[in-house]
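See structure below.
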Amino acid sequence: MIASYFQWLNDTHGLNFSVFYDAFDRSRFLTGLWTTTYICVVSIIASMVLGLIGVWLAGGNSRLGRLVVRGYVQFFRNTPPLVQLSFFYFAVAGLLPTVSDGASGQSPLVSGTGWAIIAFSLFAGAFNVEIFRAGIEAVPSTTVEAAESLGYTRLQLYLHVVLPLAFRICLPALNNNLINLVKTTTLAYAIGVPELLYAASQIWSEMFNVREMMNVLLVTYVALVAVLVWIMGRWEKAMRIPGYST
Amino acid sequence: MRNGTTDLPVLKPFRAPAPIAPSGFAAPTMLGGGTLAAFAMLFGASLALAQVTARPVGESAVTVLLRWAPLIFQGFLFNILISFLSMALGTVIGVLVGIAQVSLVSSVRKTAWGVTQFFRNAPWLVLLFYAMFLLPFEFRLFGLTIAFPAWVKAIIGLALPVAANVSEIVRGGIRSIPSGQWESAEALAFTRAQTMWMIILPQAFKRMIPPWMNLYAILTMATTLISVVGIQDGLTITRAALVAESRPELMIPMYLLLLLMFFAYCYPIARATLALERRFNVKA
């Protein structure tokens, strides 16, 4: 039904949305969409874990830990993500040993997708550290002192008091950063990871339908972001504490 | 008890908290120096490593790096140039769209809102592709042929998301002005245009500067994207240099060099943004 409509559109108006009627193009596009989603989900989780570890170290007693976190945050925030990605994929990957893939060849230890995930997680994680720190600073000090006087250890304090409150405060900023992360995943195109943009560029270089594919691509990314915004909105609503607002 | 020693905090003499540094620049600058020094050390270490691990001992890594550094720096300067031009174009468009976002005419307002959201939520690289592929390479206007080289298209492609972000900054700045300002201006019989240009925007301007600078830093980092669409910038030249030398152990120092250039440029901007934010006391 949809396929026949787009076939008709191509035949009569020359608008070639091949992804909607050509099974091969569709599977390529969907594979790209799946890779992008995969990179997004893993990077989002990894970057949030990195942010939590970073904020834990940054608030800790170890001077070295604080310095390392500060250096990490400043470096990754102030250098281009594309160069970071190239640095990891071309320079760091060259130092790692290759593993035999069973048959005859040698395959690298970490694939392009793997490096993309590592680079994007580190990039977004640096922003997350700052965001979580701002959220933790916004937790009233009286609350923290009250918990301390009740004998909470630092870990308990973080788990039961500070983080649940800080999380709610920093959700909007976190939202922004995660959306940014979804948009940043397009950079994986530069190292040949078969994600959405790469799949689309393959299709338009074969079918010569740059204009149509461009628009499909833009709409797909806007839809991806919209899904993320919707999920985060649901989450924000679910976590709302009645009577506690920032 | 006044001079006696005690552990009880209550009895300790009152000490006022240290006053905040008047400039707000001094401490962060030192910190930035520390970070920069740390990365310079990392850079040096990688250089030494490259020197040691070089299989057929050829030229020293430092000589090779020094030979290429001026060229890479030129490429980096081209990135900066692109960032200036895109920022200028994006700001002009963005201010207009941003003002349209607070227009009284609902259709204008909604269109401006839609355009802003669309370009804000689309990936920069996709927008860049959009501009590169869909803009013609030359325009014919009244018999005049205006050439559109790739770098001009790249500037337009980068200016699109910038314009959308500037539009949001302008809208946020205007919205942050208390409504009392609008009302008193109306009471003094200012027209809406006069209120906007003479009363609201001058006040909002100050609050827009920190996020605008932040956006500029982001744009500068995004200019490396143009290497993906085939324009010679710092990243392209770095890669070309690596191919020309074909010494894999030089990869880390070379890329670190480029990273350091961007860091040295963007970090002061980020610090200044923070300092200004603190001074104007607005949260981005």
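Identifiers for the structure tokens are assigned positionally: chains receive A, B, ... in sequence, residues are indexed from 1 per chain, and ligands are indexed from 1 in the order shown.
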
Residue list for chain A near chain B as a short mmCIF file (atom, residue, chain, number, x, y, z; two decimals) with C-alpha atoms, in the first residue's frame, 9 Å, only C-alpha atoms:
```cif
data_model
loop_
_atom_site.label_atom_id
_atom_site.label_comp_id
_atom_site.auth_asym_id
_atom_site.auth_seq_id
_atom_site.Cartn_x
_atom_site.Cartn_y
_atom_site.Cartn_z
CA LEU A 67 42.56 17.01 38.98
CA ARG A 70 38.85 18.44 35.80
CA GLY A 71 41.39 17.80 33.09
CA GLN A 74 37.98 20.58 30.16
CA PHE A 75 39.78 18.65 27.47
CA PHE A 76 36.74 16.89 26.07
CA ARG A 77 34.55 19.95 26.31
CA ASN A 78 36.94 22.22 24.47
CA THR A 79 38.14 20.12 21.57
CA PRO A 80 36.20 19.17 18.43
CA PRO A 81 34.41 15.82 18.76
CA LEU A 82 35.34 14.91 15.20
CA VAL A 83 39.05 15.27 15.95
CA GLN A 84 38.57 13.25 19.15
CA SER A 86 39.74 10.57 14.54
CA PHE A 87 42.28 10.51 17.34
CA PHE A 88 40.74 7.39 18.82
CA PHE A 90 43.22 6.29 13.73
CA ALA A 91 45.82 6.97 16.40
CA VAL A 92 44.85 5.02 19.51
CA GLY A 94 46.86 1.71 15.87
CA LEU A 95 48.51 1.01 19.20
CA ILE A 179 19.81 15.25 22.42
CA ASN A 180 23.15 16.70 21.47
CA VAL A 182 22.08 11.82 19.35
CA LYS A 183 23.01 14.52 16.87
CA THR A 184 26.72 13.90 17.40
CA THR A 185 26.39 10.25 16.38
CA THR A 186 26.29 11.41 12.74
CA LEU A 187 30.04 12.01 13.05
CA TYR A 189 30.02 8.68 9.21
CA ALA A 190 33.55 10.07 9.04
CA LEU A 197 23.84 9.06 7.54
CA VAL A 210 19.91 13.24 -2.96
CA ARG A 211 17.06 15.68 -2.37
CA MET A 214 18.16 14.34 2.53
CA ASN A 215 14.63 15.17 3.55
CA LEU A 217 17.15 11.78 6.73
CA LEU A 218 16.33 15.11 8.37
CA VAL A 219 12.84 13.96 9.28
CA TYR A 221 16.67 12.51 12.91
CA VAL A 222 14.06 14.95 14.09
CA VAL A 225 15.17 13.32 18.85
CA ALA A 226 11.43 13.62 19.38
#
```

Using only C-alpha atoms, determine which residues lie at most 9 Å from Thr98 in chain A, disregarding the query and same-chain residues fewer than 3 positions distant; provide the list as a compact mmCIF listing (two decimals) with C-alpha atoms, in the first residue's frame.
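Produced file around-v8.txt, reproduced below:
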```
# COMPACT_ATOMS: atom_id res chain seq x y z
CA GLN A 106 43.36 -10.12 11.54
CA SER A 107 40.63 -7.89 12.81
CA PRO A 108 41.11 -4.90 15.09
CA LEU A 109 40.35 -5.30 18.77
CA VAL A 110 37.70 -2.58 18.73
```

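Considering the residues B:Ala187, B:Ala240, B:Leu257, B:Leu158 and counting only C-alpha atoms, Asn79 in chain B has its shortest atom-to-atom contact with B:Leu158.
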
Within 8 Å of Ile156 in chain B using only C-alpha atoms, minus same-chain residues under 6 positions, as number ranges by chain = B: 86, 89, 131

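Checking B:Leu128, B:Leu242, B:Ile146, B:Leu201 one by one against Gly230 in chain B, counting only C-alpha atoms, you find the shortest gap at B:Leu128.
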
For range 234-239 of chain A, list every protein, DNA or RNA residue within 10 Å, evaluated using only C-alpha atoms, and leave out those in the same chain fewer than 6 positions away; present the list as a ChimeraX atom specification.
-> /A:164-165,167-169,171-172,175,228

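Distances to Ala164 in chain B were evaluated for B:Leu188, B:Ile93, B:Ala100, B:Ala275 using only C-alpha atoms, and the minimum falls at B:Ile93.
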
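Take CA of Thr36 in chain A and CA of Trp204 in chain A: the distance between them is 18.2 Å.
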
A straight line from CA of Ala147 in chain A to CA of His160 in chain A spans 9.4 Å

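Running DSSP on the backbone and keeping only alpha helix (DSSP H), the residues of range 106-147 of chain B that qualify are Ser106, Ser107, Val108, Arg109, Lys110, Thr111, Ala112, Trp113, Gly114, Val115, Thr116, Gln117, Phe118, Phe119, Arg120, Asn121, Trp124, Leu125, Val126, Leu127, Leu128, Phe129, Tyr130, Ala131, Met132, Phe133 and Leu134 of chain B.
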
May I have the residues from that selection written out with C-alpha atoms, as an mmCIF file, in the first residue's frame?
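File written: part26.cif
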```cif
data_model
loop_
_atom_site.group_PDB
_atom_site.id
_atom_site.type_symbol
_atom_site.label_atom_id
_atom_site.label_comp_id
_atom_site.auth_asym_id
_atom_site.auth_seq_id
_atom_site.Cartn_x
_atom_site.Cartn_y
_atom_site.Cartn_z
ATOM 1 C CA SER B 106 0.550 34.383 15.567
ATOM 2 C CA SER B 107 1.368 32.973 12.125
ATOM 3 C CA VAL B 108 4.773 34.677 12.070
ATOM 4 C CA ARG B 109 5.475 33.526 15.604
ATOM 5 C CA LYS B 110 4.545 29.928 14.912
ATOM 6 C CA THR B 111 6.495 29.738 11.671
ATOM 7 C CA ALA B 112 9.576 31.147 13.347
ATOM 8 C CA TRP B 113 9.150 28.690 16.200
ATOM 9 C CA GLY B 114 8.820 25.754 13.819
ATOM 10 C CA VAL B 115 11.863 26.751 11.786
ATOM 11 C CA THR B 116 13.916 27.227 14.939
ATOM 12 C CA GLN B 117 12.968 23.869 16.416
ATOM 13 C CA PHE B 118 13.569 22.068 13.158
ATOM 14 C CA PHE B 119 17.066 23.384 12.597
ATOM 15 C CA ARG B 120 17.963 23.093 16.261
ATOM 16 C CA ASN B 121 17.067 19.414 16.367
ATOM 17 C CA TRP B 124 24.887 19.688 12.153
ATOM 18 C CA LEU B 125 26.517 17.249 9.765
ATOM 19 C CA VAL B 126 23.220 16.471 8.037
ATOM 20 C CA LEU B 127 22.506 20.184 7.610
ATOM 21 C CA LEU B 128 25.987 20.633 6.204
ATOM 22 C CA PHE B 129 25.343 17.858 3.686
ATOM 23 C CA TYR B 130 22.048 19.495 2.904
ATOM 24 C CA ALA B 131 23.720 22.780 2.036
ATOM 25 C CA MET B 132 26.598 21.172 0.166
ATOM 26 C CA PHE B 133 24.449 19.012 -2.084
ATOM 27 C CA LEU B 134 21.326 21.020 -2.595
#
```

Atomic separation - CA of Ala138 in chain A relative to CA of Val170 in chain B, Å = 26.3 Å
